[in-house]
$ cat structure-v7.json   # JSON, C-alpha atoms and all ligand atoms
[["chain", "number", "residue", "atom", "x", "y", "z"],
["W", 1, "MET", "CA", -12.65, 39.76, -3.44],
["W", 2, "SER", "CA", -10.44, 40.45, -6.44],
["W", 3, "GLY", "CA", -9.53, 37.95, -9.14],
["W", 4, "LYS", "CA", -8.52, 34.31, -8.88],
["W", 5, "ARG", "CA", -5.20, 33.08, -7.53],
["W", 6, "GLU", "CA", -2.69, 32.83, -10.35],
["W", 7, "ASP", "CA", 0.30, 31.32, -8.59],
["W", 8, "VAL", "CA", -1.16, 27.83, -8.22],
["W", 9, "LEU", "CA", 0.91, 24.65, -8.45],
["W", 10, "GLY", "CA", 1.51, 23.48, -12.01],
["W", 11, "TRP", "CA", 0.48, 19.89, -12.81],
["W", 12, "ASP", "CA", 4.08, 18.64, -12.86],
["W", 13, "GLU", "CA", 4.79, 20.42, -9.59],
["W", 14, "TYR", "CA", 1.64, 19.00, -8.04],
["W", 15, "PHE", "CA", 2.26, 15.37, -8.98],
["W", 16, "MET", "CA", 5.99, 15.47, -8.21],
["W", 17, "SER", "CA", 5.19, 16.97, -4.81],
["W", 18, "LEU", "CA", 2.77, 14.11, -4.17],
["W", 19, "ALA", "CA", 5.47, 11.62, -5.17],
["W", 20, "LEU", "CA", 7.85, 13.25, -2.70],
["W", 21, "LEU", "CA", 5.22, 13.33, 0.01],
["W", 22, "SER", "CA", 4.65, 9.63, -0.54],
["W", 23, "ALA", "CA", 8.41, 9.04, -0.26],
["W", 24, "GLY", "CA", 8.10, 10.47, 3.21],
["W", 25, "ARG", "CA", 6.44, 7.17, 4.20],
["W", 26, "SER", "CA", 9.50, 5.12, 3.23],
["W", 27, "LYS", "CA", 11.55, 3.60, 6.03],
["W", 28, "ASP", "CA", 14.62, 3.18, 3.84],
["W", 29, "PRO", "CA", 17.32, 5.11, 5.71],
["W", 30, "ASN", "CA", 19.33, 5.83, 2.55],
["W", 31, "THR", "CA", 17.01, 6.43, -0.38],
["W", 32, "GLN", "CA", 13.31, 7.26, -0.07],
["W", 33, "VAL", "CA", 11.47, 6.96, -3.39],
["W", 34, "GLY", "CA", 7.89, 7.97, -4.11],
["W", 35, "ALA", "CA", 5.92, 7.54, -7.31],
["W", 36, "CYS", "CA", 2.61, 8.96, -8.46],
["W", 37, "VAL", "CA", 0.68, 7.95, -11.58],
["W", 38, "ALA", "CA", -1.57, 10.53, -13.25],
["W", 39, "ASP", "CA", -4.02, 9.82, -16.05],
["W", 40, "PRO", "CA", -4.53, 11.99, -19.15],
["W", 41, "HIS", "CA", -7.26, 13.91, -17.29],
["W", 42, "ASN", "CA", -4.76, 14.71, -14.51],
["W", 43, "ARG", "CA", -6.43, 12.39, -12.04],
["W", 44, "ILE", "CA", -4.28, 10.49, -9.56],
["W", 45, "VAL", "CA", -4.68, 6.81, -10.31],
["W", 46, "GLY", "CA", -1.90, 5.31, -8.19],
["W", 47, "ILE", "CA", 0.71, 6.28, -5.64],
["W", 48, "GLY", "CA", 3.39, 4.38, -3.74],
["W", 49, "TYR", "CA", 6.79, 4.34, -2.06],
["W", 50, "ASN", "CA", 9.58, 1.86, -1.47],
["W", 51, "GLY", "CA", 8.98, -0.52, 1.39],
["W", 52, "PHE", "CA", 8.87, -4.14, 2.38],
["W", 53, "PRO", "CA", 6.00, -6.32, 1.19],
["W", 54, "ARG", "CA", 2.74, -6.32, 3.08],
["W", 55, "GLY", "CA", 2.99, -8.37, 6.25],
["W", 56, "CYS", "CA", 6.80, -8.40, 6.24],
["W", 57, "SER", "CA", 7.86, -6.68, 9.42],
["W", 58, "ASP", "CA", 10.18, -3.72, 9.17],
["W", 59, "ASP", "CA", 11.65, -4.95, 12.42],
["W", 60, "ARG", "CA", 12.68, -8.33, 10.98],
["W", 61, "LEU", "CA", 13.99, -7.46, 7.52],
["W", 62, "PRO", "CA", 17.25, -5.54, 7.08],
["W", 63, "TRP", "CA", 17.69, -2.02, 5.69],
["W", 64, "ALA", "CA", 21.44, -2.51, 5.18],
["W", 65, "ARG", "CA", 23.05, -1.78, 1.81],
["W", 66, "GLU", "CA", 26.09, -3.94, 2.26],
["W", 67, "GLY", "CA", 26.91, -7.43, 3.43],
["W", 68, "ALA", "CA", 25.66, -10.84, 2.36],
["W", 69, "TYR", "CA", 22.77, -10.46, -0.10],
["W", 70, "LEU", "CA", 20.18, -11.81, 2.34],
["W", 71, "ASP", "CA", 21.42, -9.40, 5.00],
["W", 72, "THR", "CA", 20.63, -6.40, 2.78],
["W", 73, "LYS", "CA", 17.35, -4.73, 1.78],
["W", 74, "TYR", "CA", 17.76, -5.47, -1.92],
["W", 75, "PRO", "CA", 16.06, -8.87, -2.18],
["W", 76, "PHE", "CA", 13.12, -7.72, -0.10],
["W", 77, "VAL", "CA", 12.16, -4.12, -0.88],
["W", 78, "CYS", "CA", 9.25, -3.36, -3.20],
["W", 79, "HIS", "CA", 10.14, -0.43, -5.39],
["W", 80, "ALA", "CA", 7.99, 2.70, -5.35],
["W", 81, "GLU", "CA", 7.04, 2.42, -9.02],
["W", 82, "VAL", "CA", 5.80, -1.16, -8.61],
["W", 83, "ASN", "CA", 3.79, -0.20, -5.55],
["W", 84, "ALA", "CA", 2.25, 2.77, -7.39],
["W", 85, "ILE", "CA", 1.23, 0.49, -10.29],
["W", 86, "LEU", "CA", -0.09, -2.25, -7.98],
["W", 87, "ASN", "CA", -2.00, 0.36, -5.97],
["W", 88, "ALA", "CA", -3.52, 1.86, -9.12],
["W", 89, "ILE", "CA", -7.28, 1.83, -9.45],
["W", 90, "THR", "CA", -7.01, 0.29, -12.93],
["W", 91, "ARG", "CA", -4.65, -2.20, -14.59],
["W", 92, "ASP", "CA", -4.64, -0.38, -17.90],
["W", 93, "LEU", "CA", -2.46, 2.68, -17.49],
["W", 94, "THR", "CA", -2.27, 3.48, -21.20],
["W", 95, "GLY", "CA", -1.44, 7.13, -21.71],
["W", 96, "CYS", "CA", -0.72, 7.78, -18.03],
["W", 97, "ARG", "CA", 2.32, 9.59, -16.69],
["W", 98, "MET", "CA", 4.49, 8.42, -13.82],
["W", 99, "TYR", "CA", 6.11, 11.02, -11.55],
["W", 100, "VAL", "CA", 8.96, 9.47, -9.61],
["W", 101, "ALA", "CA", 11.65, 10.79, -7.29],
["W", 102, "LEU", "CA", 14.41, 8.56, -8.74],
["W", 103, "PHE", "CA", 15.00, 7.33, -12.28],
["W", 104, "PRO", "CA", 13.45, 3.83, -12.41],
["W", 105, "CYS", "CA", 15.65, 0.75, -12.29],
["W", 106, "ASN", "CA", 15.49, -1.79, -15.12],
["W", 107, "GLU", "CA", 13.02, -4.05, -13.30],
["W", 108, "CYS", "CA", 10.60, -1.19, -12.65],
["W", 109, "THR", "CA", 11.04, 0.05, -16.19],
["W", 110, "LYS", "CA", 9.87, -3.29, -17.62],
["W", 111, "ILE", "CA", 6.72, -3.08, -15.52],
["W", 112, "ILE", "CA", 6.14, 0.60, -16.34],
["W", 113, "ILE", "CA", 6.35, -0.14, -20.07],
["W", 114, "GLN", "CA", 4.09, -3.20, -19.79],
["W", 115, "SER", "CA", 1.49, -1.20, -17.85],
["W", 116, "GLY", "CA", 1.07, 1.23, -20.76],
["W", 117, "ILE", "CA", 2.46, 4.28, -18.98],
["W", 118, "GLY", "CA", 3.60, 6.59, -21.75],
["W", 119, "GLU", "CA", 5.81, 9.08, -19.95],
["W", 120, "ILE", "CA", 8.11, 9.14, -16.93],
["W", 121, "ILE", "CA", 8.93, 12.40, -15.16],
["W", 122, "TYR", "CA", 11.78, 11.90, -12.72],
["W", 123, "LEU", "CA", 13.68, 14.08, -10.28],
["W", 124, "SER", "CA", 17.01, 12.46, -9.38],
["W", 125, "ASP", "CA", 19.12, 10.44, -11.76],
["W", 126, "LYS", "CA", 21.81, 9.63, -9.20],
["W", 127, "TYR", "CA", 22.29, 6.09, -10.51],
["W", 128, "ALA", "CA", 22.58, 7.15, -14.17],
["W", 129, "ALA", "CA", 25.98, 5.46, -14.49],
["W", 130, "THR", "CA", 24.71, 2.03, -13.42],
["W", 131, "ASP", "CA", 23.93, -0.75, -15.88],
["W", 132, "SER", "CA", 20.44, -0.93, -14.40],
["W", 133, "VAL", "CA", 19.55, 2.63, -15.38],
["W", 134, "ARG", "CA", 21.38, 2.31, -18.67],
["W", 135, "ALA", "CA", 19.22, -0.75, -19.41],
["W", 136, "SER", "CA", 16.14, 1.27, -18.42],
["W", 137, "LYS", "CA", 16.99, 3.94, -20.98],
["W", 138, "ILE", "CA", 17.62, 1.34, -23.70],
["W", 139, "MET", "CA", 14.16, -0.16, -23.06],
["W", 140, "LEU", "CA", 12.44, 3.21, -22.87],
["W", 141, "ASP", "CA", 14.04, 4.38, -26.12],
["W", 142, "SER", "CA", 13.22, 1.08, -27.88],
["W", 143, "SER", "CA", 9.59, 1.15, -26.76],
["W", 144, "GLY", "CA", 9.06, 4.84, -27.46],
["W", 145, "THR", "CA", 8.29, 5.60, -23.83],
["W", 146, "ALA", "CA", 9.07, 9.24, -23.10],
["W", 147, "TYR", "CA", 11.07, 10.41, -20.13],
["W", 148, "ARG", "CA", 12.17, 13.81, -18.93],
["W", 149, "GLN", "CA", 13.63, 15.34, -15.81],
["W", 150, "PHE", "CA", 11.38, 17.55, -13.69],
["W", 151, "VAL", "CA", 12.65, 21.12, -13.67],
["W", 152, "PRO", "CA", 11.36, 22.91, -10.58],
["W", 153, "SER", "CA", 10.19, 26.48, -11.01],
["W", 154, "ARG", "CA", 10.80, 27.22, -7.32],
["W", 155, "PRO", "CA", 13.28, 25.69, -4.89],
["W", 156, "SER", "CA", 10.88, 24.47, -2.23],
["W", 157, "LEU", "CA", 7.34, 24.15, -0.97],
["W", 158, "THR", "CA", 6.52, 24.05, 2.73],
["W", 159, "ILE", "CA", 3.43, 22.52, 4.24],
["W", 160, "ASP", "CA", 2.45, 24.66, 7.19],
["W", 161, "PHE", "CA", 0.02, 22.74, 9.38],
["W", 162, "PHE", "CA", -0.28, 25.69, 11.74],
["W", 163, "THR", "CA", -1.66, 28.11, 9.16],
["W", 164, "CYS", "CA", -3.19, 25.30, 7.04],
["W", 165, "ARG", "CA", -1.34, 26.62, 4.00],
["W", 166, "LEU", "CA", 1.34, 25.75, 1.54],
["W", 167, "HIS", "CA", 4.18, 28.26, 1.45],
["W", 168, "HIS", "CA", 6.72, 28.81, -1.29],
["W", 169, "ASP", "CA", 9.37, 31.36, -2.20],
["W", 201, "LIG", "O1", 13.54, 1.98, -9.37],
["W", 201, "LIG", "C1", 13.79, 2.07, -8.15],
["W", 201, "LIG", "C2", 15.06, 1.89, -7.66],
["W", 201, "LIG", "C3", 15.25, 1.84, -6.32],
["W", 201, "LIG", "N1", 14.22, 1.99, -5.47],
["W", 201, "LIG", "C4", 14.43, 1.88, -4.03],
["W", 201, "LIG", "C5", 14.95, 0.56, -3.57],
["W", 201, "LIG", "C6", 15.74, 0.92, -2.34],
["W", 201, "LIG", "O2", 14.85, 0.96, -1.22],
["W", 201, "LIG", "C7", 16.24, 2.32, -2.66],
["W", 201, "LIG", "C8", 17.65, 2.33, -3.19],
["W", 201, "LIG", "O3", 18.54, 2.20, -2.13],
["W", 201, "LIG", "P1", 20.08, 2.62, -2.24],
["W", 201, "LIG", "O4", 20.55, 2.63, -0.83],
["W", 201, "LIG", "O5", 20.13, 4.00, -2.87],
["W", 201, "LIG", "O6", 20.76, 1.60, -3.09],
["W", 201, "LIG", "O7", 15.41, 2.84, -3.66],
["W", 201, "LIG", "C9", 12.95, 2.23, -5.95],
["W", 201, "LIG", "O8", 11.98, 2.38, -5.18],
["W", 201, "LIG", "N2", 12.79, 2.28, -7.29],
["W", 202, "ZN", "ZN", 12.94, -0.30, -9.43]]
$ encode --input "structure-v7.json" --output "structure tokens"
Amino acid sequence: MSGKREDVLGWDEYFMSLALLSAGRSKDPNTQVGACVADPHNRIVGIGYNGFPRGCSDDRLPWAREGAYLDTKYPFVCHAEVNAILNAITRDLTGCRMYVALFPCNECTKIIIQSGIGEIIYLSDKYAATDSVRASKIMLDSSGTAYRQFVPSRPSLTIDFFTCRLHHD
């Protein structure tokens, strides 16, 4: 056997892929969000996706975006970032990084900052123009919490269950 494999996943690529894989569990028909928290030793300490609270049936609560407030998903859905933090194996996330598919809303951002997470790596910023995300950025800048967009080094990764391998271009 020759030398070691060189073209392994980078840490950012690895954790963002896990966040996206987690998003695959979301039943939200419009926006699936996944979040993964990594500690300074690059250990996964928490992972989550957006969904209704435990015990609240997906068949009873609405996934609609529009209509009367109580007929929409918004009052009910737990955001991916909150689930990742609540699922974490420790409460103190000082110095950890959060990988998340969508820039966090203002409510998640408060919780991220309070948890001690020091850096957010996000993929989509599709709600950048909203007051919620603008408030997030004000709080992150004020608190000195870093954030940066994930820049992929390859366009896609494919999980091939047949060959038991991960393929990429
Ligand atoms: O910080 C966030 C912001 C939003 N989400 C979730 C909440 C909803 O399930 C979707 C957003 O739905 P839209 O149809 O795009 O309004 O994303 C989250 O998990 N974290
Ligand atoms: Zn949120």
$ closest_residue --input "structure-v7.json" --among "W:Asp131, W:Asp169, W:Asp12, W:Glu81" --to "ligand LIG 201 (chain W)" --atoms "all atoms listed in the file"
W:Glu81
$ atom_distance --input "structure-v7.json" --atom1 "atom O3 of ligand LIG 201 (chain W)" --atom2 "atom CA of W:Gly144"
27.2 Å
$ closest_residue --input "structure-v7.json" --among "W:Leu18, W:Cys164, W:Cys78, W:Leu9" --to "W:Cys105" --atoms "only C-alpha atoms"
W:Cys78
$ residues_near_ligand --input "structure-v7.json" --ligand "ligand ZN 202 (chain W)" --cutoff "7 Å" --atoms "only C-alpha atoms and all ligand atoms" --output "MDAnalysis selection string"
chainID W and resid 79 81 104:108
$ residues_near_ligand --input "structure-v7.json" --ligand "ligand LIG 201 (chain W)" --cutoff "8 Å" --atoms "all atoms listed in the file" --output "PDB file with C-alpha atoms, keeping the file's coordinate frame"
ATOM      1  CA  ASP W  28      14.620   3.180   3.840  1.00  0.00           C
ATOM      2  CA  PRO W  29      17.320   5.110   5.710  1.00  0.00           C
ATOM      3  CA  ASN W  30      19.330   5.830   2.550  1.00  0.00           C
ATOM      4  CA  THR W  31      17.010   6.430  -0.380  1.00  0.00           C
ATOM      5  CA  GLN W  32      13.310   7.260  -0.070  1.00  0.00           C
ATOM      6  CA  VAL W  33      11.470   6.960  -3.390  1.00  0.00           C
ATOM      7  CA  GLY W  34       7.890   7.970  -4.110  1.00  0.00           C
ATOM      8  CA  TYR W  49       6.790   4.340  -2.060  1.00  0.00           C
ATOM      9  CA  ASN W  50       9.580   1.860  -1.470  1.00  0.00           C
ATOM     10  CA  GLY W  51       8.980  -0.520   1.390  1.00  0.00           C
ATOM     11  CA  ALA W  64      21.440  -2.510   5.180  1.00  0.00           C
ATOM     12  CA  ARG W  65      23.050  -1.780   1.810  1.00  0.00           C
ATOM     13  CA  LYS W  73      17.350  -4.730   1.780  1.00  0.00           C
ATOM     14  CA  TYR W  74      17.760  -5.470  -1.920  1.00  0.00           C
ATOM     15  CA  VAL W  77      12.160  -4.120  -0.880  1.00  0.00           C
ATOM     16  CA  CYS W  78       9.250  -3.360  -3.200  1.00  0.00           C
ATOM     17  CA  HIS W  79      10.140  -0.430  -5.390  1.00  0.00           C
ATOM     18  CA  ALA W  80       7.990   2.700  -5.350  1.00  0.00           C
ATOM     19  CA  GLU W  81       7.040   2.420  -9.020  1.00  0.00           C
ATOM     20  CA  VAL W  82       5.800  -1.160  -8.610  1.00  0.00           C
ATOM     21  CA  LEU W 102      14.410   8.560  -8.740  1.00  0.00           C
ATOM     22  CA  PHE W 103      15.000   7.330 -12.280  1.00  0.00           C
ATOM     23  CA  PRO W 104      13.450   3.830 -12.410  1.00  0.00           C
ATOM     24  CA  CYS W 105      15.650   0.750 -12.290  1.00  0.00           C
ATOM     25  CA  ASN W 106      15.490  -1.790 -15.120  1.00  0.00           C
ATOM     26  CA  GLU W 107      13.020  -4.050 -13.300  1.00  0.00           C
ATOM     27  CA  CYS W 108      10.600  -1.190 -12.650  1.00  0.00           C
ATOM     28  CA  THR W 109      11.040   0.050 -16.190  1.00  0.00           C
TER      29      THR W 109
END
$ residues_around --input "structure-v7.json" --residues "W:His167" --least-positions-apart "3" --cutoff "8 Å" --atoms "only C-alpha atoms" --output "NGL selection string"
:W and (157-160)
$ closest_residue --input "structure-v7.json" --among "W:Ile89, W:Met98, W:Leu123, W:Leu21" --to "W:Val151" --atoms "all atoms listed in the file"
W:Leu123
$ residues_around --input "structure-v7.json" --residues "W:Gly10" --least-positions-apart "2" --cutoff "12 Å" --atoms "only C-alpha atoms" --output "list in words"
Glu6, Asp7, Val8, Asp12, Glu13, Tyr14, Phe15, Met16, Ser17, Asn42, Phe150, Val151, Pro152, Ser153 and Arg154 of chain W
$ atom_distance --input "structure-v7.json" --atom1 "atom CA of W:Ile117" --atom2 "atom CA of W:Ile85"
9.6 Å
$ atom_distance --input "structure-v7.json" --atom1 "atom CA of W:Ile121" --atom2 "atom CA of W:Phe161"
28.1 Å
$ closest_residue --input "structure-v7.json" --among "W:Ile113, W:Ile120, W:Met139, W:Val45" --to "W:Val100" --atoms "only C-alpha atoms"
W:Ile120
$ axis_aligned_box --input "structure-v7.json" --around "stretch 94-98 of chain W" --padding-each-side "8 Å" --output "AutoDock Vina command-line options"
--center_x 1.1 --center_y 6.5 --center_z -17.8 --size_x 22.8 --size_y 22.1 --size_z 23.9
$ closest_residue --input "structure-v7.json" --among "W:Trp63, W:Phe76, W:Phe162, W:Tyr147" --to "W:Glu119" --atoms "all atoms listed in the file"
W:Tyr147
$ closest_residue --input "structure-v7.json" --among "W:Ala23, W:Leu166, W:Leu70, W:Ala84" --to "W:Gly48" --atoms "all atoms listed in the file"
W:Ala84
$ build_atoms --input "structure-v7.json" --residues "stretch 29-59 of chain W" --atoms "N, CA and C atoms" --output "compact mmCIF listing (two decimals), in the coordinates of the input"
# COMPACT_ATOMS: atom_id res chain seq x y z
N PRO W 29 16.53 4.03 5.13
CA PRO W 29 17.32 5.11 5.71
C PRO W 29 18.20 5.82 4.69
N ASN W 30 18.42 5.21 3.53
CA ASN W 30 19.33 5.83 2.55
C ASN W 30 18.61 6.53 1.41
N THR W 31 17.68 5.85 0.79
CA THR W 31 17.01 6.43 -0.38
C THR W 31 15.50 6.23 -0.25
N GLN W 32 14.78 7.32 -0.15
CA GLN W 32 13.31 7.26 -0.07
C GLN W 32 12.79 7.64 -1.46
N VAL W 33 12.00 6.74 -2.04
CA VAL W 33 11.47 6.96 -3.39
C VAL W 33 9.95 6.97 -3.32
N GLY W 34 9.35 7.94 -3.99
CA GLY W 34 7.89 7.97 -4.11
C GLY W 34 7.54 8.04 -5.57
N ALA W 35 6.37 7.51 -5.92
CA ALA W 35 5.92 7.54 -7.31
C ALA W 35 4.43 7.82 -7.34
N CYS W 36 4.02 8.61 -8.32
CA CYS W 36 2.61 8.96 -8.46
C CYS W 36 2.22 8.84 -9.92
N VAL W 37 1.13 8.14 -10.20
CA VAL W 37 0.68 7.95 -11.58
C VAL W 37 -0.53 8.85 -11.81
N ALA W 38 -0.47 9.62 -12.88
CA ALA W 38 -1.57 10.53 -13.25
C ALA W 38 -2.12 10.11 -14.61
N ASP W 39 -3.43 10.19 -14.75
CA ASP W 39 -4.02 9.82 -16.05
C ASP W 39 -4.09 11.04 -16.97
N PRO W 40 -4.53 10.85 -18.22
CA PRO W 40 -4.53 11.99 -19.15
C PRO W 40 -5.46 13.13 -18.73
N HIS W 41 -6.38 12.85 -17.80
CA HIS W 41 -7.26 13.91 -17.29
C HIS W 41 -6.68 14.53 -16.01
N ASN W 42 -5.43 14.20 -15.71
CA ASN W 42 -4.76 14.71 -14.51
C ASN W 42 -5.43 14.24 -13.22
N ARG W 43 -5.92 13.01 -13.27
CA ARG W 43 -6.43 12.39 -12.04
C ARG W 43 -5.36 11.45 -11.50
N ILE W 44 -5.23 11.42 -10.18
CA ILE W 44 -4.28 10.49 -9.56
C ILE W 44 -4.86 9.09 -9.64
N VAL W 45 -4.14 8.17 -10.24
CA VAL W 45 -4.68 6.81 -10.31
C VAL W 45 -3.87 5.82 -9.46
N GLY W 46 -2.68 6.21 -9.04
CA GLY W 46 -1.90 5.31 -8.19
C GLY W 46 -0.76 6.07 -7.54
N ILE W 47 -0.38 5.62 -6.35
CA ILE W 47 0.71 6.28 -5.64
C ILE W 47 1.40 5.23 -4.76
N GLY W 48 2.69 5.36 -4.56
CA GLY W 48 3.39 4.38 -3.74
C GLY W 48 4.79 4.84 -3.36
N TYR W 49 5.42 4.05 -2.51
CA TYR W 49 6.79 4.34 -2.06
C TYR W 49 7.50 3.03 -1.81
N ASN W 50 8.82 3.09 -1.67
CA ASN W 50 9.58 1.86 -1.47
C ASN W 50 9.46 1.36 -0.03
N GLY W 51 9.14 0.09 0.07
CA GLY W 51 8.98 -0.52 1.39
C GLY W 51 8.91 -2.02 1.28
N PHE W 52 8.94 -2.68 2.39
CA PHE W 52 8.87 -4.14 2.38
C PHE W 52 7.45 -4.61 2.06
N PRO W 53 7.33 -5.83 1.56
CA PRO W 53 6.00 -6.32 1.19
C PRO W 53 5.06 -6.36 2.39
N ARG W 54 3.79 -6.27 2.06
CA ARG W 54 2.74 -6.32 3.08
C ARG W 54 2.94 -7.51 4.02
N GLY W 55 2.87 -7.28 5.28
CA GLY W 55 2.99 -8.37 6.25
C GLY W 55 4.42 -8.70 6.64
N CYS W 56 5.38 -8.16 5.90
CA CYS W 56 6.80 -8.40 6.24
C CYS W 56 7.25 -7.30 7.18
N SER W 57 7.57 -7.67 8.38
CA SER W 57 7.86 -6.68 9.42
C SER W 57 9.13 -5.90 9.13
N ASP W 58 9.01 -4.60 9.29
CA ASP W 58 10.18 -3.72 9.17
C ASP W 58 11.19 -3.99 10.28
N ASP W 59 10.74 -4.66 11.32
CA ASP W 59 11.65 -4.95 12.42
C ASP W 59 12.45 -6.23 12.18
